[in-house]
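Heads up, final-v9.pdb below (PDB, C-alpha atoms, pLDDT in the B column):
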ATOM      1  CA  MET A  22       0.000   0.000   0.000  1.00 63.00           C
ATOM      2  CA  ASN A  23       1.503   3.325  -1.005  1.00 67.00           C
ATOM      3  CA  GLU A  24       0.853   7.018  -0.385  1.00 69.00           C
ATOM      4  CA  LYS A  25      -1.118   7.277  -3.632  1.00 75.00           C
ATOM      5  CA  ASP A  26      -3.568   4.607  -2.417  1.00 81.00           C
ATOM      6  CA  ILE A  27      -4.023   6.375   0.916  1.00 83.00           C
ATOM      7  CA  ASN A  28      -4.522   9.758  -0.717  1.00 87.00           C
ATOM      8  CA  ALA A  29      -7.093   8.204  -3.065  1.00 87.00           C
ATOM      9  CA  ALA A  30      -8.928   6.701  -0.066  1.00 89.00           C
ATOM     10  CA  VAL A  31      -8.986  10.040   1.747  1.00 88.00           C
ATOM     11  CA  ASP A  32     -10.154  11.816  -1.428  1.00 90.00           C
ATOM     12  CA  TYR A  33     -12.882   9.209  -1.859  1.00 89.00           C
ATOM     13  CA  ILE A  34     -14.170   9.786   1.669  1.00 92.00           C
ATOM     14  CA  TYR A  35     -14.114  13.533   1.119  1.00 89.00           C
ATOM     15  CA  THR A  36     -15.934  13.471  -2.226  1.00 90.00           C
ATOM     16  CA  GLN A  37     -18.366  10.631  -1.535  1.00 92.00           C
ATOM     17  CA  GLY A  38     -19.306  11.741   1.974  1.00 92.00           C
ATOM     18  CA  LYS A  39     -21.666  14.407   0.647  1.00 93.00           C
ATOM     19  CA  GLN A  40     -23.233  11.985  -1.826  1.00 95.00           C
ATOM     20  CA  PHE A  41     -23.763   9.490   0.991  1.00 95.00           C
ATOM     21  CA  ALA A  42     -25.435  12.188   3.104  1.00 96.00           C
ATOM     22  CA  GLN A  43     -27.734  13.094   0.209  1.00 96.00           C
ATOM     23  CA  ALA A  44     -28.574   9.438  -0.451  1.00 97.00           C
ATOM     24  CA  LYS A  45     -29.353   8.841   3.210  1.00 97.00           C
ATOM     25  CA  ALA A  46     -31.505  11.975   3.402  1.00 98.00           C
ATOM     26  CA  HIS A  47     -33.437  10.816   0.337  1.00 98.00           C
ATOM     27  CA  ARG A  48     -33.968   7.334   1.774  1.00 98.00           C
ATOM     28  CA  VAL A  49     -35.122   8.704   5.136  1.00 98.00           C
ATOM     29  CA  TYR A  50     -37.495  11.097   3.378  1.00 98.00           C
ATOM     30  CA  LEU A  51     -39.037   8.257   1.366  1.00 98.00           C
ATOM     31  CA  ASP A  52     -39.331   6.135   4.486  1.00 97.00           C
ATOM     32  CA  GLU A  53     -41.156   8.910   6.322  1.00 98.00           C
ATOM     33  CA  TYR A  54     -43.280   9.805   3.284  1.00 98.00           C
ATOM     34  CA  ARG A  55     -44.379   6.168   3.103  1.00 98.00           C
ATOM     35  CA  LYS A  56     -46.219   6.707   6.391  1.00 97.00           C
ATOM     36  CA  SER A  57     -47.908   9.848   5.076  1.00 98.00           C
ATOM     37  CA  LEU A  58     -48.894   8.169   1.827  1.00 98.00           C
ATOM     38  CA  LYS A  59     -50.335   5.237   3.740  1.00 98.00           C
ATOM     39  CA  SER A  60     -52.496   7.607   5.781  1.00 97.00           C
ATOM     40  CA  ILE A  61     -53.604   9.534   2.703  1.00 98.00           C
ATOM     41  CA  LEU A  62     -54.553   6.364   0.833  1.00 98.00           C
ATOM     42  CA  MET A  63     -56.339   4.848   3.817  1.00 97.00           C
ATOM     43  CA  LYS A  64     -58.313   8.048   4.356  1.00 97.00           C
ATOM     44  CA  ARG A  65     -59.246   8.108   0.667  1.00 97.00           C
ATOM     45  CA  ALA A  66     -60.314   4.445   0.687  1.00 97.00           C
ATOM     46  CA  ILE A  67     -62.649   5.072   3.612  1.00 96.00           C
ATOM     47  CA  ALA A  68     -63.975   8.383   2.215  1.00 96.00           C
ATOM     48  CA  ASP A  69     -64.648   6.812  -1.191  1.00 96.00           C
ATOM     49  CA  GLY A  70     -66.519   3.936   0.429  1.00 96.00           C
ATOM     50  CA  VAL A  71     -64.054   1.358  -0.933  1.00 94.00           C
ATOM     51  CA  ALA A  72     -63.214   0.255   2.611  1.00 95.00           C
ATOM     52  CA  LYS A  73     -65.435   0.125   5.678  1.00 95.00           C
ATOM     53  CA  SER A  74     -62.749  -0.626   8.273  1.00 96.00           C
ATOM     54  CA  SER A  75     -59.153   0.305   8.989  1.00 95.00           C
ATOM     55  CA  ALA A  76     -58.043  -3.197   8.078  1.00 96.00           C
ATOM     56  CA  ALA A  77     -59.809  -3.010   4.710  1.00 97.00           C
ATOM     57  CA  ALA A  78     -58.400   0.475   4.091  1.00 97.00           C
ATOM     58  CA  GLU A  79     -54.906  -0.786   4.893  1.00 97.00           C
ATOM     59  CA  MET A  80     -55.351  -3.661   2.446  1.00 97.00           C
ATOM     60  CA  GLU A  81     -56.423  -1.197  -0.272  1.00 97.00           C
ATOM     61  CA  THR A  82     -53.447   1.027   0.533  1.00 97.00           C
ATOM     62  CA  TYR A  83     -50.892  -1.749   0.176  1.00 97.00           C
ATOM     63  CA  ALA A  84     -52.413  -2.709  -3.182  1.00 97.00           C
ATOM     64  CA  ASP A  85     -52.424   0.882  -4.516  1.00 97.00           C
ATOM     65  CA  GLU A  86     -50.027   1.484  -7.419  1.00 98.00           C
ATOM     66  CA  SER A  87     -48.668   4.726  -5.932  1.00 98.00           C
ATOM     67  CA  TYR A  88     -47.733   2.871  -2.733  1.00 98.00           C
ATOM     68  CA  ILE A  89     -46.027   0.121  -4.713  1.00 98.00           C
ATOM     69  CA  GLN A  90     -44.072   2.718  -6.721  1.00 98.00           C
ATOM     70  CA  LEU A  91     -42.985   4.399  -3.500  1.00 98.00           C
ATOM     71  CA  LEU A  92     -41.700   1.071  -2.196  1.00 98.00           C
ATOM     72  CA  LYS A  93     -39.682   0.578  -5.398  1.00 98.00           C
ATOM     73  CA  GLY A  94     -38.210   4.049  -4.960  1.00 98.00           C
ATOM     74  CA  LEU A  95     -37.372   3.240  -1.349  1.00 98.00           C
ATOM     75  CA  GLN A  96     -35.647   0.056  -2.490  1.00 98.00           C
ATOM     76  CA  GLU A  97     -33.499   1.969  -4.981  1.00 98.00           C
ATOM     77  CA  ALA A  98     -32.690   4.703  -2.468  1.00 98.00           C
ATOM     78  CA  THR A  99     -31.634   2.128   0.130  1.00 98.00           C
ATOM     79  CA  GLU A 100     -29.447   0.340  -2.413  1.00 97.00           C
ATOM     80  CA  GLN A 101     -27.717   3.597  -3.378  1.00 97.00           C
ATOM     81  CA  GLU A 102     -27.214   4.598   0.259  1.00 97.00           C
ATOM     82  CA  GLU A 103     -25.736   1.232   1.190  1.00 96.00           C
ATOM     83  CA  ALA A 104     -23.416   1.164  -1.832  1.00 95.00           C
ATOM     84  CA  LEU A 105     -22.017   4.560  -0.858  1.00 95.00           C
ATOM     85  CA  ARG A 106     -21.746   3.552   2.795  1.00 95.00           C
ATOM     86  CA  PHE A 107     -19.785   0.402   1.987  1.00 94.00           C
ATOM     87  CA  GLY A 108     -17.488   2.433  -0.262  1.00 92.00           C
ATOM     88  CA  LEU A 109     -16.779   4.796   2.623  1.00 94.00           C
ATOM     89  CA  VAL A 110     -16.259   1.915   5.052  1.00 93.00           C
ATOM     90  CA  SER A 111     -13.849   0.307   2.584  1.00 91.00           C
ATOM     91  CA  ALA A 112     -11.866   3.522   2.163  1.00 90.00           C
ATOM     92  CA  GLN A 113     -11.646   3.941   5.932  1.00 91.00           C
ATOM     93  CA  ALA A 114     -10.461   0.332   6.282  1.00 91.00           C
ATOM     94  CA  ARG A 115      -7.679   1.002   3.757  1.00 88.00           C
ATOM     95  CA  ILE A 116      -6.561   3.981   5.817  1.00 90.00           C
ATOM     96  CA  ASP A 117      -6.639   1.913   9.014  1.00 90.00           C
ATOM     97  CA  VAL A 118      -4.546  -0.839   7.410  1.00 88.00           C
ATOM     98  CA  TRP A 119      -2.036   1.755   6.225  1.00 90.00           C
ATOM     99  CA  ARG A 120      -1.802   3.179   9.771  1.00 87.00           C
ATOM    100  CA  SER A 121      -1.135  -0.279  11.175  1.00 89.00           C
ATOM    101  CA  LEU A 122       1.544  -0.974   8.568  1.00 84.00           C
ATOM    102  CA  GLU A 123       3.213   2.365   9.258  1.00 85.00           C
ATOM    103  CA  ALA A 124       3.182   1.686  13.006  1.00 85.00           C
ATOM    104  CA  SER A 125       4.740  -1.729  12.386  1.00 83.00           C
ATOM    105  CA  ASN A 126       7.404  -0.153  10.172  1.00 79.00           C
ATOM    106  CA  ARG A 127       8.258   2.400  12.866  1.00 80.00           C
ATOM    107  CA  THR A 128       8.570  -0.419  15.409  1.00 79.00           C
ATOM    108  CA  MET A 129      10.851  -2.378  13.080  1.00 75.00           C
ATOM    109  CA  ASP A 130      12.981   0.723  12.499  1.00 72.00           C
ATOM    110  CA  ARG A 131      13.451   1.165  16.265  1.00 77.00           C
ATOM    111  CA  VAL A 132      14.325  -2.495  16.755  1.00 76.00           C
ATOM    112  CA  THR A 133      16.941  -2.548  13.986  1.00 73.00           C
ATOM    113  CA  MET A 134      18.687   0.667  15.025  1.00 64.00           C
TER
END

Whole structure given in structure tokens:
Amino acid sequence: MNEKDINAAVDYIYTQGKQFAQAKAHRVYLDEYRKSLKSILMKRAIADGVAKSSAAAEMETYADESYIQLLKGLQEATEQEEALRFGLVSAQARIDVWRSLEASNRTMDRVTM
């Protein structure tokens, strides 16, 4: 592992950190919006007379195309967030390995002097 690899890992963390934050914010928003959409769709199902109970309204909500599309969007957002997170974890691991190697080299230098 050389200095170029370490610098690339640090640069990756710096540049991808913001993208990770944006991806996480998007995923959290979709997760929270899912609750709002569920309430909206349940309320509509009851108001339209499609459902007579909360359980029936919930069943209608889960079958609604807009709810299914939201779930697909949530799946994609989670995948993007996790891919960025694992990239950042990997870059940090490379830096940690480099630190350990450098510490070992310093120890070896002291022992051989």

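Minimum distance to Gln40 of chain A across A:Asp26, A:Glu81, A:Glu102, A:Asp117 (counting all atoms listed in the file) occurs at A:Glu102.
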
- Task: Skip segment 118-128 of chain A itself and residues of its chain fewer than 2 positions away, then list as a PyMOL selection string all residues within 12 Å of it, counting only C-alpha atoms.
- Result: chain A and resi 22-28+30-31+111-116+130-134

Please produce a file of the residues just selected, as a PDB file, in the coordinates of the input, where the atoms kept are C-alpha atoms.
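The resulting file, part_6.pdb, is shown below:
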ATOM      1  CA  MET A  22       0.000   0.000   0.000  1.00 63.00           C
ATOM      2  CA  ASN A  23       1.503   3.325  -1.005  1.00 67.00           C
ATOM      3  CA  GLU A  24       0.853   7.018  -0.385  1.00 69.00           C
ATOM      4  CA  LYS A  25      -1.118   7.277  -3.632  1.00 75.00           C
ATOM      5  CA  ASP A  26      -3.568   4.607  -2.417  1.00 81.00           C
ATOM      6  CA  ILE A  27      -4.023   6.375   0.916  1.00 83.00           C
ATOM      7  CA  ASN A  28      -4.522   9.758  -0.717  1.00 87.00           C
ATOM      8  CA  ALA A  30      -8.928   6.701  -0.066  1.00 89.00           C
ATOM      9  CA  VAL A  31      -8.986  10.040   1.747  1.00 88.00           C
ATOM     10  CA  SER A 111     -13.849   0.307   2.584  1.00 91.00           C
ATOM     11  CA  ALA A 112     -11.866   3.522   2.163  1.00 90.00           C
ATOM     12  CA  GLN A 113     -11.646   3.941   5.932  1.00 91.00           C
ATOM     13  CA  ALA A 114     -10.461   0.332   6.282  1.00 91.00           C
ATOM     14  CA  ARG A 115      -7.679   1.002   3.757  1.00 88.00           C
ATOM     15  CA  ILE A 116      -6.561   3.981   5.817  1.00 90.00           C
ATOM     16  CA  ASP A 130      12.981   0.723  12.499  1.00 72.00           C
ATOM     17  CA  ARG A 131      13.451   1.165  16.265  1.00 77.00           C
ATOM     18  CA  VAL A 132      14.325  -2.495  16.755  1.00 76.00           C
ATOM     19  CA  THR A 133      16.941  -2.548  13.986  1.00 73.00           C
ATOM     20  CA  MET A 134      18.687   0.667  15.025  1.00 64.00           C
TER      21      MET A 134
END

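Interatomic distance, atom CA of Gln43 of chain A to atom CA of Ser60 of chain A: 26.0 Å.
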
- Run the PyMOL selection byres ((chain A and resi 101) around 12) mentally over the shown coordinates, then write out the matched residues as a list in words, using the chain letters and numbers from the document.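 For this structure, the PyMOL selection byres ((chain A and resi 101) around 12) captures Gln37, Gln40, Phe41, Ala42, Gln43, Ala44, Lys45, Ala46, His47, Arg48, Gly94, Leu95, Gln96, Glu97, Ala98, Thr99, Glu100, Glu102, Glu103, Ala104, Leu105, Arg106, Phe107 and Gly108 of chain A.
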
Box centre and edge lengths (Å, one decimal), axis-aligned, segment 85-103 of chain A plus 3 Å each side, as AutoDock Vina command-line options:
--center_x -39.1 --center_y 2.4 --center_z -3.1 --size_x 32.7 --size_y 10.7 --size_z 14.6

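The set of residues that the PyMOL selection byres ((chain A and resi 55) around 12) takes from this file is A:Arg48, A:Val49, A:Tyr50, A:Leu51, A:Asp52, A:Glu53, A:Tyr54, A:Lys56, A:Ser57, A:Leu58, A:Lys59, A:Ser60, A:Ile61, A:Leu62, A:Thr82, A:Tyr83, A:Ser87, A:Tyr88, A:Ile89, A:Gln90, A:Leu91, A:Leu92, A:Lys93, A:Gly94, A:Leu95.
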
- Message: Between A:Met129, A:Met80, A:Leu109, A:Arg65, which residue has the minimum interatomic distance to Thr36 of chain A, considering all atoms listed in the file?
- Response: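 Smallest separation from Thr36 of chain A among the options: A:Leu109.
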
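The two atoms in question, atom CA of Met63 of chain A and atom CA of Ala78 of chain A, are spaced 4.8 Å apart.
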
- Query: Just how far from atom CA of Glu86 of chain A is atom CA of Ala68 of chain A, in Å to one decimal?
  - Reply: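 So the two atoms, atom CA of Ala68 of chain A and atom CA of Glu86 of chain A, lie 18.3 Å apart.
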
Could you add the missing atoms to segment 121-132 of chain A, up to all heavy atoms, and return them as a PDB file, in the frame of the given file?
ATOM      1  N   SER A 121      -1.730   0.877  10.492  1.00 89.00           N
ATOM      2  CA  SER A 121      -1.135  -0.279  11.175  1.00 89.00           C
ATOM      3  C   SER A 121       0.213  -0.653  10.568  1.00 89.00           C
ATOM      4  O   SER A 121       1.172  -0.943  11.290  1.00 89.00           O
ATOM      5  CB  SER A 121      -2.077  -1.483  11.106  1.00 89.00           C
ATOM      6  OG  SER A 121      -3.236  -1.230  11.837  1.00 89.00           O
ATOM      7  N   LEU A 122       0.278  -0.657   9.241  1.00 84.00           N
ATOM      8  CA  LEU A 122       1.544  -0.974   8.568  1.00 84.00           C
ATOM      9  C   LEU A 122       2.618   0.053   8.908  1.00 84.00           C
ATOM     10  O   LEU A 122       3.776  -0.313   9.149  1.00 84.00           O
ATOM     11  CB  LEU A 122       1.345  -1.053   7.050  1.00 84.00           C
ATOM     12  CG  LEU A 122       0.510  -2.225   6.553  1.00 84.00           C
ATOM     13  CD1 LEU A 122       0.234  -2.073   5.056  1.00 84.00           C
ATOM     14  CD2 LEU A 122       1.204  -3.538   6.845  1.00 84.00           C
ATOM     15  N   GLU A 123       2.246   1.311   8.920  1.00 85.00           N
ATOM     16  CA  GLU A 123       3.213   2.365   9.258  1.00 85.00           C
ATOM     17  C   GLU A 123       3.692   2.223  10.704  1.00 85.00           C
ATOM     18  O   GLU A 123       4.875   2.406  10.989  1.00 85.00           O
ATOM     19  CB  GLU A 123       2.607   3.746   9.018  1.00 85.00           C
ATOM     20  CG  GLU A 123       2.446   4.096   7.556  1.00 85.00           C
ATOM     21  CD  GLU A 123       3.770   4.132   6.812  1.00 85.00           C
ATOM     22  OE1 GLU A 123       4.696   4.827   7.271  1.00 85.00           O
ATOM     23  OE2 GLU A 123       3.881   3.451   5.781  1.00 85.00           O
ATOM     24  N   ALA A 124       2.794   1.889  11.609  1.00 85.00           N
ATOM     25  CA  ALA A 124       3.182   1.686  13.006  1.00 85.00           C
ATOM     26  C   ALA A 124       4.137   0.502  13.120  1.00 85.00           C
ATOM     27  O   ALA A 124       5.138   0.560  13.850  1.00 85.00           O
ATOM     28  CB  ALA A 124       1.952   1.468  13.878  1.00 85.00           C
ATOM     29  N   SER A 125       3.850  -0.567  12.377  1.00 83.00           N
ATOM     30  CA  SER A 125       4.740  -1.729  12.386  1.00 83.00           C
ATOM     31  C   SER A 125       6.100  -1.367  11.813  1.00 83.00           C
ATOM     32  O   SER A 125       7.140  -1.800  12.342  1.00 83.00           O
ATOM     33  CB  SER A 125       4.138  -2.871  11.564  1.00 83.00           C
ATOM     34  OG  SER A 125       2.967  -3.337  12.169  1.00 83.00           O
ATOM     35  N   ASN A 126       6.130  -0.583  10.759  1.00 79.00           N
ATOM     36  CA  ASN A 126       7.404  -0.153  10.172  1.00 79.00           C
ATOM     37  C   ASN A 126       8.205   0.693  11.147  1.00 79.00           C
ATOM     38  O   ASN A 126       9.425   0.542  11.239  1.00 79.00           O
ATOM     39  CB  ASN A 126       7.155   0.640   8.877  1.00 79.00           C
ATOM     40  CG  ASN A 126       6.667  -0.232   7.751  1.00 79.00           C
ATOM     41  OD1 ASN A 126       6.836  -1.452   7.785  1.00 79.00           O
ATOM     42  ND2 ASN A 126       6.047   0.377   6.754  1.00 79.00           N
ATOM     43  N   ARG A 127       7.545   1.580  11.877  1.00 80.00           N
ATOM     44  CA  ARG A 127       8.258   2.400  12.866  1.00 80.00           C
ATOM     45  C   ARG A 127       8.837   1.521  13.969  1.00 80.00           C
ATOM     46  O   ARG A 127       9.957   1.714  14.420  1.00 80.00           O
ATOM     47  CB  ARG A 127       7.331   3.453  13.456  1.00 80.00           C
ATOM     48  CG  ARG A 127       7.062   4.606  12.522  1.00 80.00           C
ATOM     49  CD  ARG A 127       6.366   5.760  13.207  1.00 80.00           C
ATOM     50  NE  ARG A 127       5.072   5.414  13.782  1.00 80.00           N
ATOM     51  CZ  ARG A 127       3.942   5.413  13.121  1.00 80.00           C
ATOM     52  NH1 ARG A 127       3.907   5.750  11.851  1.00 80.00           N
ATOM     53  NH2 ARG A 127       2.795   5.090  13.720  1.00 80.00           N
ATOM     54  N   THR A 128       8.093   0.503  14.380  1.00 79.00           N
ATOM     55  CA  THR A 128       8.570  -0.419  15.409  1.00 79.00           C
ATOM     56  C   THR A 128       9.787  -1.184  14.899  1.00 79.00           C
ATOM     57  O   THR A 128      10.784  -1.326  15.608  1.00 79.00           O
ATOM     58  CB  THR A 128       7.452  -1.392  15.831  1.00 79.00           C
ATOM     59  OG1 THR A 128       6.353  -0.649  16.325  1.00 79.00           O
ATOM     60  CG2 THR A 128       7.934  -2.356  16.880  1.00 79.00           C
ATOM     61  N   MET A 129       9.721  -1.646  13.673  1.00 75.00           N
ATOM     62  CA  MET A 129      10.851  -2.378  13.080  1.00 75.00           C
ATOM     63  C   MET A 129      12.068  -1.470  12.955  1.00 75.00           C
ATOM     64  O   MET A 129      13.205  -1.914  13.183  1.00 75.00           O
ATOM     65  CB  MET A 129      10.474  -2.941  11.708  1.00 75.00           C
ATOM     66  CG  MET A 129       9.457  -4.069  11.769  1.00 75.00           C
ATOM     67  SD  MET A 129      10.012  -5.476  12.773  1.00 75.00           S
ATOM     68  CE  MET A 129      11.336  -6.078  11.772  1.00 75.00           C
ATOM     69  N   ASP A 130      11.851  -0.226  12.607  1.00 72.00           N
ATOM     70  CA  ASP A 130      12.981   0.723  12.499  1.00 72.00           C
ATOM     71  C   ASP A 130      13.653   0.922  13.855  1.00 72.00           C
ATOM     72  O   ASP A 130      14.881   0.986  13.934  1.00 72.00           O
ATOM     73  CB  ASP A 130      12.500   2.077  11.959  1.00 72.00           C
ATOM     74  CG  ASP A 130      12.146   2.028  10.489  1.00 72.00           C
ATOM     75  OD1 ASP A 130      12.520   1.042   9.823  1.00 72.00           O
ATOM     76  OD2 ASP A 130      11.483   2.972  10.005  1.00 72.00           O
ATOM     77  N   ARG A 131      12.879   0.992  14.915  1.00 77.00           N
ATOM     78  CA  ARG A 131      13.451   1.165  16.265  1.00 77.00           C
ATOM     79  C   ARG A 131      14.221  -0.078  16.703  1.00 77.00           C
ATOM     80  O   ARG A 131      15.245   0.016  17.339  1.00 77.00           O
ATOM     81  CB  ARG A 131      12.345   1.460  17.264  1.00 77.00           C
ATOM     82  CG  ARG A 131      11.967   2.914  17.278  1.00 77.00           C
ATOM     83  CD  ARG A 131      10.998   3.225  18.405  1.00 77.00           C
ATOM     84  NE  ARG A 131       9.813   3.762  17.746  1.00 77.00           N
ATOM     85  CZ  ARG A 131       8.580   3.365  17.938  1.00 77.00           C
ATOM     86  NH1 ARG A 131       8.315   2.446  18.821  1.00 77.00           N
ATOM     87  NH2 ARG A 131       7.594   3.888  17.280  1.00 77.00           N
ATOM     88  N   VAL A 132      13.713  -1.238  16.347  1.00 76.00           N
ATOM     89  CA  VAL A 132      14.325  -2.495  16.755  1.00 76.00           C
ATOM     90  C   VAL A 132      15.658  -2.702  16.026  1.00 76.00           C
ATOM     91  O   VAL A 132      16.635  -3.174  16.608  1.00 76.00           O
ATOM     92  CB  VAL A 132      13.380  -3.686  16.485  1.00 76.00           C
ATOM     93  CG1 VAL A 132      14.081  -5.017  16.654  1.00 76.00           C
ATOM     94  CG2 VAL A 132      12.183  -3.613  17.405  1.00 76.00           C
TER      95      VAL A 132
END
